[in-house]
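Text of final-v4.txt (compact mmCIF, C-alpha atoms and all ligand atoms) as supplied:
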```txt
# COMPACT_ATOMS: atom_id res chain seq x y z
CA MET A 16 140.49 78.33 101.03
CA GLU A 17 137.45 76.11 100.95
CA ALA A 18 136.49 74.89 97.43
CA LEU A 19 133.05 76.51 97.25
CA GLU A 20 134.33 79.81 98.60
CA CYS A 21 137.08 79.69 95.98
CA ILE A 22 134.57 79.16 93.13
CA PHE A 23 132.10 81.75 94.39
CA THR A 24 134.64 84.52 95.02
CA LYS A 25 136.84 84.20 91.91
CA ARG A 26 136.82 87.52 90.06
CA GLU A 27 139.09 88.50 87.21
CA ILE A 28 142.08 90.51 88.36
CA ARG A 29 143.64 92.99 85.95
CA GLU A 30 145.83 95.02 88.29
CA PHE A 31 148.81 93.36 89.89
CA LYS A 32 151.36 94.15 92.56
CA ALA A 33 155.00 94.24 91.48
CA LYS A 34 155.62 91.34 93.84
CA GLU A 35 157.30 88.06 93.08
CA VAL A 36 155.12 84.94 92.93
CA PRO A 37 157.32 82.14 94.35
CA GLU A 38 158.24 79.21 92.12
CA HIS A 39 156.43 76.66 94.27
CA ILE A 40 153.18 78.62 93.87
CA ILE A 41 153.63 78.79 90.09
CA PHE A 42 154.29 75.05 90.10
CA LYS A 43 151.04 74.37 91.98
CA ILE A 44 149.08 76.45 89.49
CA LEU A 45 150.62 74.50 86.60
CA GLU A 46 149.87 71.23 88.37
CA ALA A 47 146.23 72.24 88.75
CA GLY A 48 146.06 72.61 84.97
CA ARG A 49 147.92 69.39 84.29
CA LEU A 50 145.58 67.40 86.52
CA ALA A 51 142.39 68.54 84.80
CA GLY A 52 140.22 65.82 83.34
CA SER A 53 139.74 65.63 79.59
CA ALA A 54 137.70 63.68 77.06
CA LYS A 55 139.15 60.15 76.74
CA ASN A 56 141.96 61.43 78.96
CA ARG A 57 143.62 62.83 75.84
CA GLN A 58 145.08 65.82 77.73
CA PRO A 59 145.20 67.81 74.50
CA TRP A 60 147.15 70.73 75.98
CA ASP A 61 150.57 72.26 76.30
CA PHE A 62 151.34 75.19 78.59
CA ILE A 63 153.81 77.98 77.81
CA LEU A 64 155.01 79.79 80.92
CA ILE A 65 156.17 83.35 80.36
CA LYS A 66 157.85 85.38 83.09
CA ASP A 67 160.19 87.62 81.15
CA LYS A 68 158.90 91.23 81.38
CA ARG A 69 159.82 92.07 77.81
CA ARG A 70 158.08 88.96 76.50
CA LEU A 71 154.95 89.70 78.57
CA TYR A 72 154.91 93.14 76.98
CA GLU A 73 155.43 91.85 73.45
CA LEU A 74 152.83 89.09 73.85
CA SER A 75 150.27 91.64 75.07
CA ASN A 76 150.42 93.28 71.64
CA PHE A 77 148.63 90.28 70.10
CA GLY A 78 145.45 90.87 72.14
CA ARG A 79 143.05 93.82 72.03
CA TYR A 80 142.40 93.85 75.78
CA ALA A 81 145.69 92.48 76.99
CA GLN A 82 147.48 95.55 78.35
CA HIS A 83 147.19 94.28 81.92
CA MET A 84 149.55 91.43 81.01
CA ARG A 85 152.36 94.01 81.06
CA GLU A 86 151.97 94.35 84.84
CA ALA A 87 151.45 90.63 85.53
CA TYR A 88 154.16 88.58 87.21
CA PHE A 89 153.69 85.72 84.75
CA ALA A 90 151.40 84.38 82.06
CA ILE A 91 150.49 80.91 80.86
CA VAL A 92 149.45 80.35 77.27
CA ILE A 93 147.16 77.34 76.91
CA VAL A 94 147.90 75.64 73.60
CA ARG A 95 145.69 72.79 72.45
CA SER A 96 145.34 70.18 69.73
CA ASN A 97 142.93 70.88 66.95
CA ASP A 98 141.70 67.42 66.07
CA TYR A 99 138.88 66.52 68.44
CA VAL A 100 135.59 68.21 69.14
CA HIS A 101 136.22 68.38 72.90
CA ASP A 102 139.69 69.96 72.68
CA PRO A 103 138.45 73.52 73.40
CA PHE A 104 136.38 72.32 76.36
CA ASP A 105 139.32 70.39 77.79
CA ALA A 106 141.65 73.36 77.40
CA GLY A 107 139.05 75.46 79.22
CA ARG A 108 138.97 72.98 82.07
CA ALA A 109 142.74 73.23 82.47
CA ALA A 110 142.53 77.03 82.36
CA GLN A 111 139.79 77.24 85.01
CA ASN A 112 141.65 74.78 87.23
CA MET A 113 144.72 77.01 87.08
CA MET A 114 142.80 80.19 87.84
CA LEU A 115 140.93 78.64 90.76
CA ALA A 116 144.13 77.16 92.19
CA ALA A 117 145.77 80.56 91.86
CA HIS A 118 142.85 82.24 93.63
CA ALA A 119 143.04 79.69 96.47
CA LEU A 120 146.72 80.62 96.81
CA GLY A 121 146.00 84.37 96.87
CA VAL A 122 147.11 84.93 93.28
CA GLY A 123 144.85 86.88 90.91
CA SER A 124 144.36 86.03 87.25
CA CYS A 125 142.47 86.93 84.11
CA PRO A 126 141.90 85.12 80.81
CA ILE A 127 143.19 86.98 77.76
CA THR A 128 142.24 86.45 74.13
CA LEU A 129 145.17 86.70 71.76
CA HIS A 130 143.12 87.98 68.84
CA ASP A 131 146.06 87.87 66.47
CA GLU A 132 146.54 84.17 67.07
CA GLU A 133 148.72 83.50 64.04
CA LYS A 134 151.25 86.17 65.02
CA ALA A 135 151.16 85.00 68.64
CA LYS A 136 151.82 81.42 67.48
CA LYS A 137 154.81 82.53 65.43
CA TYR A 138 156.14 84.63 68.30
CA LEU A 139 155.88 81.68 70.70
CA GLY A 140 157.03 79.04 68.21
CA VAL A 141 153.77 77.08 68.50
CA PRO A 142 153.50 74.28 65.90
CA GLU A 143 151.30 75.15 62.93
CA GLU A 144 148.68 72.45 63.61
CA LYS A 145 148.04 73.61 67.21
CA ARG A 146 145.70 76.36 68.42
CA ILE A 147 146.12 78.90 71.19
CA GLN A 148 143.00 78.50 73.32
CA VAL A 149 143.61 81.33 75.74
CA CYS A 150 146.33 83.15 77.65
CA LEU A 151 146.09 83.64 81.42
CA ASP A 152 147.97 86.32 83.31
CA PHE A 153 148.76 86.08 87.01
CA GLY A 154 150.03 88.15 89.90
CA TYR A 155 149.19 89.23 93.41
CA PRO A 156 146.07 91.44 93.20
CA LEU A 157 146.54 95.17 93.57
CA ALA A 158 142.82 95.62 94.16
CA ILE A 159 139.78 93.42 93.87
CA LYS A 160 137.20 95.53 92.11
CA ARG A 161 133.48 94.79 92.52
CA LYS A 162 134.40 92.59 95.45
CA GLY A 163 131.45 90.41 96.41
CA LYS A 164 129.35 91.74 93.52
CA VAL A 165 129.00 89.27 90.68
CA ILE A 166 127.43 90.43 87.46
CA ARG A 167 125.81 87.29 86.10
CA LYS A 168 122.47 86.30 84.63
CA PRO A 169 120.09 85.14 87.36
CA LEU A 170 119.59 81.39 87.59
CA GLU A 171 115.89 81.63 86.70
CA GLN A 172 116.91 83.13 83.34
CA ILE A 173 119.21 80.25 82.37
CA LEU A 174 117.86 77.22 84.19
CA HIS A 175 115.41 75.00 82.32
CA SER A 176 113.64 72.25 84.20
CA GLU A 177 113.29 68.89 82.46
CA LYS A 178 113.25 70.51 78.96
CA TRP A 179 114.00 73.89 77.30
C1 LIG B 1 137.62 82.96 76.79
C2 LIG B 1 137.74 84.28 77.52
C3 LIG B 1 138.45 85.30 76.95
C4 LIG B 1 138.62 86.51 77.64
N1 LIG B 1 139.39 87.50 77.08
C5 LIG B 1 139.66 88.61 77.81
C6 LIG B 1 140.58 89.58 77.31
O1 LIG B 1 141.11 89.49 76.21
N2 LIG B 1 140.89 90.61 78.12
C7 LIG B 1 140.33 90.78 79.36
O2 LIG B 1 140.68 91.74 80.05
N3 LIG B 1 139.43 89.89 79.84
C8 LIG B 1 139.09 88.80 79.10
N4 LIG B 1 138.24 87.85 79.60
C9 LIG B 1 137.63 88.04 80.94
C10 LIG B 1 136.12 88.32 80.89
O3 LIG B 1 135.94 89.64 80.47
C11 LIG B 1 135.55 88.03 82.30
O4 LIG B 1 135.65 86.65 82.53
C12 LIG B 1 134.11 88.45 82.49
O5 LIG B 1 133.94 89.82 82.16
C13 LIG B 1 133.67 88.20 83.94
O6 LIG B 1 134.49 88.93 84.83
P1 LIG B 1 134.24 88.90 86.43
O7 LIG B 1 134.40 87.48 86.88
O8 LIG B 1 135.29 89.78 87.02
O9 LIG B 1 132.84 89.39 86.66
C14 LIG B 1 138.03 86.68 78.91
C15 LIG B 1 137.28 85.62 79.47
C16 LIG B 1 137.16 84.44 78.80
C17 LIG B 1 136.37 83.31 79.45
```
Final structure tokens representation of the file:
Amino acid sequence: MEALECIFTKREIREFKAKEVPEHIIFKILEAGRLAGSAKNRQPWDFILIKDKRRLYELSNFGRYAQHMREAYFAIVIVRSNDYVHDPFDAGRAAQNMMLAAHALGVGSCPITLHDEEKAKKYLGVPEEKRIQVCLDFGYPLAIKRKGKVIRKPLEQILHSEKW
């Protein structure tokens, strides 16, 4: 898929087929995250790959809108350092890279907030000093809802020319 088409057509996918995502595809998605740029090239992230069905189910209990993770083929939890102002931005770059790479490969995804972060950290064994930025779930899309229709603020509402 061409890069611009990939960016313009990425929609969140919350319904997944019960179909295996091959290892080499998962690897490419992880690579896309690993290769993201970051402030001072600190790469302040770790990725936790979860494929086990029971663990996907249990992890979903730490988010309020995470039920769709139970049907996903896999999830990646983006863990980040908590000692530099740009750490959240960098973690977001890795996350978006992964989701766009997945989309280019025909794999749907959605970001998930693990609202009960402390419990999620304990469950995953994440070191105390780290933060969970976001969890992403992945799988082949069952259906692409609102295909082609993007609900976003119009550019004239958010674009400021030369100054605010
Ligand atoms: C940081 C972040 C956290 C999100 N958390 C959730 C979530 O917990 N559950 C969920 O279903 N979607 C979650 N989303 C997805 C948003 O709802 C989605 O990006 C937005 O509604 C746009 O969707 P669209 O691209 O399909 O129009 C999250 C998105 C971001 C960027």
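The protein and nucleic acid residues lying at most 9 Å from stretch 53-69 of chain A are A:Leu45, A:Gly48, A:Leu74, A:Arg85, A:Glu86, A:Ala87, A:Tyr88, A:Phe89, A:Ala90, A:Ile91, A:Val92, A:Ile93, A:Val94, A:Arg95, A:Ser96, A:Asn97, A:Tyr99, A:His101, A:Asp102, A:Pro103, A:Phe104, A:Asp105, A:Ala106, A:Arg108, A:Ala109, A:Leu139, with all atoms listed in the file considered and sequence neighbours fewer than 5 positions away removed.
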Which residues sit within 9 Å of ligand LIG 1 (chain B), counting all atoms listed in the file, listed as a ChimeraX atom specification? /A:24-29,78-84,107,111,125-130,148-151,159-162,164-167
Hey, can you check how far atom CA of A:Met113 sits from atom CA of A:Ala158?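 Computing it gives 20.0 Å between the two atoms.
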Quick one, how far is atom CA of A:Glu17 from atom CA of A:His175?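 Computed distance, atom CA of A:Glu17 to atom CA of A:His175, equals 28.9 Å.
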How many Å lie between atom CA of A:Phe42 and atom CA of A:Ala119, rounded to one decimal? 13.7 Å
Given only C-alpha atoms as the counted atoms, nearest of A:Pro156, A:Lys34, A:Lys145, A:Phe23 to A:Gly123: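 Using only C-alpha atoms, the shortest distance to A:Gly123 belongs to A:Pro156.
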Compare A:Ile173, A:Leu50, A:Val141, A:Ala33 by their minimum atom-to-atom distance to A:Ala116, counting only C-alpha atoms, and give me the closest one.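 Ranking A:Ile173, A:Leu50, A:Val141, A:Ala33 by distance to A:Ala116, first place goes to A:Leu50.
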Nearest to A:Met114, chosen from A:Cys21, A:Leu71, A:Val36, A:Met16, with all atoms listed in the file counted in the distances: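 Counting all atoms listed in the file, the residue closest to A:Met114 is A:Cys21.
Close contacts of A:Ile22, defined as residues with an atom at most 9 Å away when counting only C-alpha atoms, with chain neighbours fewer than 4 positions off set aside, comprise Glu17, Ala18, Leu115 and His118 of chain A.
Of the residues listed (A:Asp98, A:Leu157, A:Gly121, A:Phe77), A:Phe77 shows the shortest atom-to-atom separation from A:Lys136; distances use only C-alpha atoms.
Nearest-residue note for A:Phe31: choosing from A:Tyr155, A:Lys178, A:Lys168, A:Asn112, the minimum distance belongs to A:Tyr155, counting only C-alpha atoms.
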